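This report refers to the structure that appears directly beneath it.
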Amino acid sequence: MLPKDVFIDYIHDLQNRICKAVEVSDGKAYFIEDNWQREEGGGGRTRVISNGKVFEKGGVNTSVVHGKVTEAMRNQLKINGDNWFACGLSLVLHPLNPFVPTVHCNYRMFELYDENNQVIDQWFGGGTDLTPYYLFEEDARHFHQTYKNACDDFDPGFFPTFKKTCDNYFVNWHRNEERRGIGGIFYDYQRPNQERDAHWWIKFAKRCGDAFMEAYIPIVEKRKLLPFTEEQKHWQEIRRGRYTEFNLVHDRGTLFGLKTNGRIESILMSLPPTVRFEYNYQPRPGSEEDKLLQACLHPVDWV
């Protein structure tokens, strides 16, 4: 099988398994599926969950799209070729309880072709990162250790490199370099070579994708029944505002989707259901809210 066919099969299988695990954890809500087609080529499978006992809003999406390289792509994305192909899985889960963290996950591949449909560029990217509203250090250690284990199976240098990349990507640079959350791993533009061909990178993506349930679901189970106050929900919505700012101002995936005439409902699925933007809001120094903010301002080595 061509690498892209292997990857397509995998993301659809992973989508099924993650959706099932999320539904079991929620215990009430189920995903609704929206199959869509893209006029320029390809389509996707958007699955959305909402108003659950645990998950206020979430989506687990797959897309397999292709098309001609446009002038906008050449000018703004610096992509030069005749036509392109991209496929991937992308998810965001926004829990109701502020003690359960939001999570984001994305694994994808991209190919660029010349006018003879020969591959002239190919790369892989992905990662999983955690955005808590209250900092439980044991949860942070568990999450990062799970991805360190996944990375170490392939290259012991991956985790420190990809964690640093993650810490330096999900950043609201306009807010004193404040991170969106406490990170995880993130890698991009990983091109195959003689030592590590496309199938090697697909195996790595599979290992990281499969680690999602192990990294995240136990945290949900541990925190989902904790009682919370209106003030704690208020803080969650303040932090969700920061999440929204990053996705709309800085995120390359959002930009790529918009510049390639992507499906807007799927692109903006990642946004939280309710957010707050309050003028110059600052948590009380030394509070639990401030403890989280400090971890976002000063990334921590959790393992």
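Residues are named by chain letter and number: chains run A, B, ... in the order of the structure tokens, numbers start at 1 in each chain, and ligands are numbered from 1 in the order shown.
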
Using DSSP assignments from the backbone, pull out every residue in range 31-198 of chain A that falls under strand (DSSP E or B) and give it to me as an NGL selection string.
:A and (32-37 or 42-50 or 55-68 or 83-95 or 102-113 or 119-131 or 171-172 or 178-179 or 183-190)

Compile the contact shell of Ala72 in chain A as a VMD selection string: residues with an atom at most 12 Å away, counting only C-alpha atoms, same-chain residues fewer than 2 positions apart removed.
chain A and resid 68 to 70 74 to 80 255 to 261

Dump of N, CA, C and O atoms for the selected residues, as a short mmCIF file (atom, residue, chain, number, x, y, z; two decimals), in the first residue's frame:
data_model
loop_
_atom_site.label_atom_id
_atom_site.label_comp_id
_atom_site.auth_asym_id
_atom_site.auth_seq_id
_atom_site.Cartn_x
_atom_site.Cartn_y
_atom_site.Cartn_z
N LYS A 68 -5.50 21.57 -6.42
CA LYS A 68 -4.45 22.30 -7.13
C LYS A 68 -3.80 23.32 -6.19
O LYS A 68 -4.46 23.89 -5.32
N VAL A 69 -2.50 23.54 -6.37
CA VAL A 69 -1.82 24.58 -5.62
C VAL A 69 -2.28 25.94 -6.14
O VAL A 69 -2.19 26.23 -7.34
N THR A 70 -2.81 26.77 -5.25
CA THR A 70 -3.33 28.07 -5.64
C THR A 70 -2.29 29.16 -5.39
O THR A 70 -1.27 28.95 -4.72
N ARG A 74 0.82 29.51 -2.66
CA ARG A 74 2.20 29.85 -3.03
C ARG A 74 2.71 31.06 -2.24
O ARG A 74 3.83 31.06 -1.75
N ASN A 75 1.87 32.07 -2.15
CA ASN A 75 2.30 33.33 -1.53
C ASN A 75 2.34 33.26 -0.01
O ASN A 75 3.28 33.75 0.61
N GLN A 76 1.34 32.64 0.58
CA GLN A 76 1.22 32.70 2.04
C GLN A 76 1.72 31.45 2.75
O GLN A 76 2.15 31.53 3.89
N LEU A 77 1.65 30.30 2.09
CA LEU A 77 2.11 29.06 2.71
C LEU A 77 3.44 28.58 2.13
O LEU A 77 3.99 27.58 2.58
N LYS A 78 3.92 29.30 1.10
CA LYS A 78 5.22 28.98 0.47
C LYS A 78 5.24 27.54 -0.06
O LYS A 78 6.23 26.83 0.08
N ILE A 79 4.14 27.14 -0.66
CA ILE A 79 4.03 25.80 -1.26
C ILE A 79 4.11 25.95 -2.77
O ILE A 79 3.28 26.64 -3.38
N ASN A 80 5.11 25.33 -3.37
CA ASN A 80 5.29 25.42 -4.82
C ASN A 80 5.24 24.03 -5.43
O ASN A 80 6.07 23.17 -5.14
N LEU A 255 -4.84 28.51 9.82
CA LEU A 255 -4.45 29.29 8.65
C LEU A 255 -4.47 28.44 7.38
O LEU A 255 -5.00 28.85 6.35
N PHE A 256 -3.91 27.21 7.48
CA PHE A 256 -3.89 26.33 6.31
C PHE A 256 -5.31 26.02 5.85
O PHE A 256 -5.62 26.05 4.66
N GLY A 257 -6.19 25.72 6.80
CA GLY A 257 -7.57 25.40 6.44
C GLY A 257 -8.26 26.55 5.74
O GLY A 257 -8.96 26.36 4.74
N LEU A 258 -8.04 27.76 6.25
CA LEU A 258 -8.69 28.93 5.66
C LEU A 258 -8.11 29.25 4.28
O LEU A 258 -8.84 29.64 3.37
N LYS A 259 -6.79 29.07 4.12
CA LYS A 259 -6.15 29.41 2.84
C LYS A 259 -6.41 28.35 1.76
O LYS A 259 -6.19 28.62 0.58
N THR A 260 -6.83 27.16 2.16
CA THR A 260 -7.11 26.11 1.17
C THR A 260 -8.61 25.90 1.02
O THR A 260 -9.05 24.85 0.57
N ASN A 261 -9.38 26.92 1.40
CA ASN A 261 -10.83 26.86 1.29
C ASN A 261 -11.40 25.65 2.02
O ASN A 261 -12.24 24.91 1.51
#

Would you pick out the contacts of Gly184 in chain A at 9 Å or less, using only C-alpha atoms, so that residues sharing its chain but fewer than 5 positions from it are not included, and give the list as a PyMOL selection string?
chain A and resi 127-130+143-144+147+159+162-164+166-167

Give me, as a Markdown table, the closest atom pair and its distance (Å, one decimal) for every residue of range 68-135 of chain A within a cut-off of 8 Å of range 212-230 of chain A, counting only C-alpha atoms, rows sorted by chain and rising number.
| residue | atom | partner | partner_atom | distance |
| --- | --- | --- | --- | --- |
| A:Asn97 | CA | A:Lys224 | CA | 6.3 |
| A:Pro98 | CA | A:Phe228 | CA | 7.3 |
| A:Phe99 | CA | A:Arg223 | CA | 5.9 |
| A:Val100 | CA | A:Arg223 | CA | 5.6 |
| A:Pro101 | CA | A:Val220 | CA | 7.7 |
| A:Val103 | CA | A:Tyr216 | CA | 7.8 |
| A:Cys105 | CA | A:Phe212 | CA | 7.9 |
| A:Thr128 | CA | A:Phe212 | CA | 7.5 |

Produce a file of the selected residues containing N, CA and C atoms, as a compact mmCIF listing (two decimals), in the first residue's frame.
# COMPACT_ATOMS: atom_id res chain seq x y z
N ASN A 97 -16.37 20.21 33.54
CA ASN A 97 -15.76 20.41 34.85
C ASN A 97 -14.40 21.09 34.71
N PRO A 98 -14.18 22.22 35.40
CA PRO A 98 -12.89 22.91 35.26
C PRO A 98 -11.69 22.13 35.82
N PHE A 99 -11.95 21.05 36.55
CA PHE A 99 -10.84 20.23 37.04
C PHE A 99 -10.41 19.18 36.01
N VAL A 100 -11.16 19.04 34.93
CA VAL A 100 -10.78 18.15 33.83
C VAL A 100 -10.16 19.02 32.74
N PRO A 101 -8.97 18.69 32.27
CA PRO A 101 -8.33 19.56 31.28
C PRO A 101 -8.91 19.40 29.88
N VAL A 103 -8.11 19.00 25.95
CA VAL A 103 -7.02 18.31 25.26
C VAL A 103 -7.14 18.53 23.76
N CYS A 105 -5.31 17.15 19.96
CA CYS A 105 -4.49 16.09 19.35
C CYS A 105 -4.61 16.21 17.84
N THR A 128 0.17 15.95 20.70
CA THR A 128 -0.94 15.97 21.65
C THR A 128 -0.53 16.89 22.80

Could you tell me, as a ChimeraX atom specification, which residues of range 127-257 of chain A DSSP assigns to alpha helix (DSSP H) when given the backbone?
/A:137-152,158-167,198-223,230-249,252-257

Nearest to Trp36 in chain A, chosen from A:His298, A:Lys4, A:Arg17, A:Arg263, with only C-alpha atoms counted in the distances
A:Arg263

Who sits within 12 Å of Tyr189 in chain A, only C-alpha atoms, same chain under 4 positions skipped, as a list of chain:residue names
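Those residues are A:Tyr107, A:Arg108, A:Met109, A:Phe110, A:Glu111, A:Asp121, A:Gln122, A:Trp123, A:Phe124, A:Gly125, A:Gly126, A:Trp201.
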
Could the residues in this selection be written to a file with all heavy atoms, as a CSV table (one decimal), in the first residue's frame?
chain,number,residue,atom,x,y,z
A,107,TYR,N,-2.7,14.4,14.1
A,107,TYR,CA,-1.6,13.7,13.4
A,107,TYR,C,-2.0,13.7,11.9
A,107,TYR,O,-3.1,13.5,11.5
A,107,TYR,CB,-1.5,12.3,13.9
A,107,TYR,CG,-1.0,12.3,15.4
A,107,TYR,CD1,-1.9,12.2,16.4
A,107,TYR,CD2,0.4,12.4,15.6
A,107,TYR,CE1,-1.4,12.3,17.7
A,107,TYR,CE2,0.9,12.5,16.9
A,107,TYR,CZ,0.0,12.5,18.0
A,107,TYR,OH,0.5,12.6,19.2
A,108,ARG,N,-1.0,14.1,11.1
A,108,ARG,CA,-1.3,14.4,9.7
A,108,ARG,C,-0.1,14.1,8.8
A,108,ARG,O,1.0,14.0,9.2
A,108,ARG,CB,-1.7,15.8,9.5
A,108,ARG,CG,-0.6,16.8,9.9
A,108,ARG,CD,-1.1,18.2,10.2
A,108,ARG,NE,0.0,19.1,10.6
A,108,ARG,CZ,0.4,19.1,11.9
A,108,ARG,NH1,-0.1,18.4,12.8
A,108,ARG,NH2,1.4,19.9,12.2
A,109,MET,N,-0.4,14.0,7.5
A,109,MET,CA,0.7,13.9,6.5
A,109,MET,C,0.3,14.7,5.3
A,109,MET,O,-0.9,15.0,5.1
A,109,MET,CB,0.9,12.4,6.1
A,109,MET,CG,-0.1,11.8,5.2
A,109,MET,SD,0.4,10.2,4.6
A,109,MET,CE,1.7,10.6,3.4
A,110,PHE,N,1.3,15.1,4.6
A,110,PHE,CA,1.1,16.1,3.4
A,110,PHE,C,2.0,15.6,2.3
A,110,PHE,O,3.1,15.2,2.5
A,110,PHE,CB,1.5,17.5,3.9
A,110,PHE,CG,1.4,18.5,2.8
A,110,PHE,CD1,0.2,19.1,2.5
A,110,PHE,CD2,2.5,18.8,2.0
A,110,PHE,CE1,0.1,20.1,1.5
A,110,PHE,CE2,2.4,19.8,1.0
A,110,PHE,CZ,1.2,20.4,0.7
A,111,GLU,N,1.5,15.7,1.1
A,111,GLU,CA,2.3,15.4,-0.1
A,111,GLU,C,2.1,16.5,-1.2
A,111,GLU,O,0.9,17.0,-1.3
A,111,GLU,CB,1.9,14.0,-0.7
A,111,GLU,CG,2.4,12.8,0.1
A,111,GLU,CD,2.1,11.5,-0.5
A,111,GLU,OE1,1.3,11.4,-1.5
A,111,GLU,OE2,2.8,10.5,-0.1
A,121,ASP,N,7.5,16.5,-2.6
A,121,ASP,CA,7.7,16.8,-1.2
A,121,ASP,C,6.7,15.9,-0.4
A,121,ASP,O,5.6,15.7,-0.8
A,121,ASP,CB,7.5,18.3,-0.9
A,121,ASP,CG,8.1,18.7,0.4
A,121,ASP,OD1,8.8,17.9,1.1
A,121,ASP,OD2,7.9,19.8,0.8
A,122,GLN,N,7.1,15.6,0.8
A,122,GLN,CA,6.3,14.8,1.7
A,122,GLN,C,6.7,15.0,3.1
A,122,GLN,O,7.9,15.0,3.4
A,122,GLN,CB,6.4,13.3,1.3
A,122,GLN,CG,5.6,12.3,2.1
A,122,GLN,CD,6.0,10.9,1.8
A,122,GLN,OE1,7.1,10.4,2.0
A,122,GLN,NE2,5.0,10.1,1.3
A,123,TRP,N,5.7,15.3,4.0
A,123,TRP,CA,6.1,15.4,5.4
A,123,TRP,C,5.0,15.0,6.4
A,123,TRP,O,3.9,14.9,6.0
A,123,TRP,CB,6.6,16.9,5.7
A,123,TRP,CG,5.6,18.0,5.3
A,123,TRP,CD1,5.7,18.8,4.2
A,123,TRP,CD2,4.5,18.5,6.1
A,123,TRP,NE1,4.7,19.7,4.3
A,123,TRP,CE2,4.0,19.6,5.4
A,123,TRP,CE3,3.9,18.1,7.3
A,123,TRP,CZ2,2.9,20.3,5.9
A,123,TRP,CZ3,2.8,18.8,7.8
A,123,TRP,CH2,2.3,19.9,7.1
A,124,PHE,N,5.4,14.8,7.6
A,124,PHE,CA,4.5,14.3,8.6
A,124,PHE,C,4.6,15.3,9.8
A,124,PHE,O,5.6,15.9,10.1
A,124,PHE,CB,4.9,12.9,9.1
A,124,PHE,CG,4.8,11.9,8.1
A,124,PHE,CD1,5.8,11.7,7.1
A,124,PHE,CD2,3.7,11.1,8.0
A,124,PHE,CE1,5.7,10.7,6.1
A,124,PHE,CE2,3.5,10.2,6.9
A,124,PHE,CZ,4.5,10.0,6.0
A,125,GLY,N,3.5,15.4,10.5
A,125,GLY,CA,3.4,16.3,11.7
A,125,GLY,C,2.4,15.8,12.7
A,125,GLY,O,1.5,15.0,12.3
A,126,GLY,N,2.4,16.3,13.9
A,126,GLY,CA,1.4,15.9,14.8
A,126,GLY,C,1.8,16.2,16.3
A,126,GLY,O,2.8,16.9,16.5
A,201,TRP,N,7.8,6.8,9.7
A,201,TRP,CA,7.1,8.0,10.3
A,201,TRP,C,5.6,7.7,10.6
A,201,TRP,O,5.0,8.2,11.6
A,201,TRP,CB,7.2,9.2,9.5
A,201,TRP,CG,8.6,9.9,9.6
A,201,TRP,CD1,9.6,9.8,8.8
A,201,TRP,CD2,9.0,10.6,10.8
A,201,TRP,NE1,10.7,10.5,9.3
A,201,TRP,CE2,10.4,11.0,10.5
A,201,TRP,CE3,8.4,10.9,12.0
A,201,TRP,CZ2,11.1,11.7,11.5
A,201,TRP,CZ3,9.2,11.7,12.9
A,201,TRP,CH2,10.5,12.1,12.7

Determine, for each residue of range 25-100 of chain A having at least one atom at most 10 Å from an atom of range 271-287 of chain A, the closest pair of atoms and their separation in Å to one decimal, counting only C-alpha atoms; order by chain and ascending number, as JSON lines.
{"residue": "A:Ser50", "atom": "CA", "partner": "A:Pro273", "partner_atom": "CA", "distance": 9.2}
{"residue": "A:Asn51", "atom": "CA", "partner": "A:Pro273", "partner_atom": "CA", "distance": 9.9}
{"residue": "A:Glu56", "atom": "CA", "partner": "A:Pro273", "partner_atom": "CA", "distance": 7.4}
{"residue": "A:Lys57", "atom": "CA", "partner": "A:Pro273", "partner_atom": "CA", "distance": 6.5}
{"residue": "A:Gly58", "atom": "CA", "partner": "A:Pro272", "partner_atom": "CA", "distance": 8.3}
{"residue": "A:Gly59", "atom": "CA", "partner": "A:Leu271", "partner_atom": "CA", "distance": 9.9}
{"residue": "A:Val92", "atom": "CA", "partner": "A:Leu271", "partner_atom": "CA", "distance": 8.4}
{"residue": "A:Leu93", "atom": "CA", "partner": "A:Pro272", "partner_atom": "CA", "distance": 8.7}
{"residue": "A:His94", "atom": "CA", "partner": "A:Pro272", "partner_atom": "CA", "distance": 6.4}
{"residue": "A:Pro95", "atom": "CA", "partner": "A:Pro272", "partner_atom": "CA", "distance": 9.4}
{"residue": "A:Leu96", "atom": "CA", "partner": "A:Pro273", "partner_atom": "CA", "distance": 9.9}

Hey, what's within 10 Å of Val64 in chain A if we count only C-alpha atoms and toss same-chain stuff fewer than 2 positions away? As a ChimeraX atom specification, please?
/A:4,8,11,37-38,41-45,62,66,85-89,108-109

Write a file of the just-selected residues containing C-alpha atoms, as a short mmCIF file (atom, residue, chain, number, x, y, z; two decimals), in the first residue's frame.
data_model
loop_
_atom_site.label_atom_id
_atom_site.label_comp_id
_atom_site.auth_asym_id
_atom_site.auth_seq_id
_atom_site.Cartn_x
_atom_site.Cartn_y
_atom_site.Cartn_z
CA LYS A 4 -0.95 7.73 2.24
CA ILE A 8 -5.87 7.11 5.78
CA ILE A 11 -6.77 7.78 11.12
CA GLN A 37 -17.29 16.71 0.55
CA ARG A 38 -14.92 19.43 -0.61
CA GLY A 41 -11.30 17.51 -3.95
CA GLY A 42 -11.73 15.11 -1.08
CA GLY A 43 -13.77 15.42 2.08
CA GLY A 44 -13.96 14.45 5.68
CA ARG A 45 -15.76 12.90 8.60
CA THR A 62 -10.70 13.17 9.98
CA HIS A 66 -6.48 17.31 -2.26
CA PHE A 85 -2.74 15.98 -0.81
CA ALA A 86 -3.29 16.15 2.94
CA CYS A 87 -4.93 13.85 5.44
CA GLY A 88 -5.13 13.77 9.19
CA LEU A 89 -7.00 13.39 12.42
CA ARG A 108 -1.31 14.35 9.69
CA MET A 109 0.65 13.87 6.49
#

Could you pull the residues within 9 Å of Gly181 in chain A, counting only C-alpha atoms, minus those fewer than 5 positions along the same chain, as a list in words?
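Counting only the stated atoms, we get Thr102, Asp129, Leu130, Thr131, Pro132, Tyr133, Asp167, Phe170, Val171, Tyr243, Leu292, Leu293, Ala295 and Cys296 of chain A.
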
Across A:Leu248, A:Val22, A:Leu14, A:Ile202, the smallest distance to Gly52 in chain A, with only C-alpha atoms counted, is shown by A:Val22
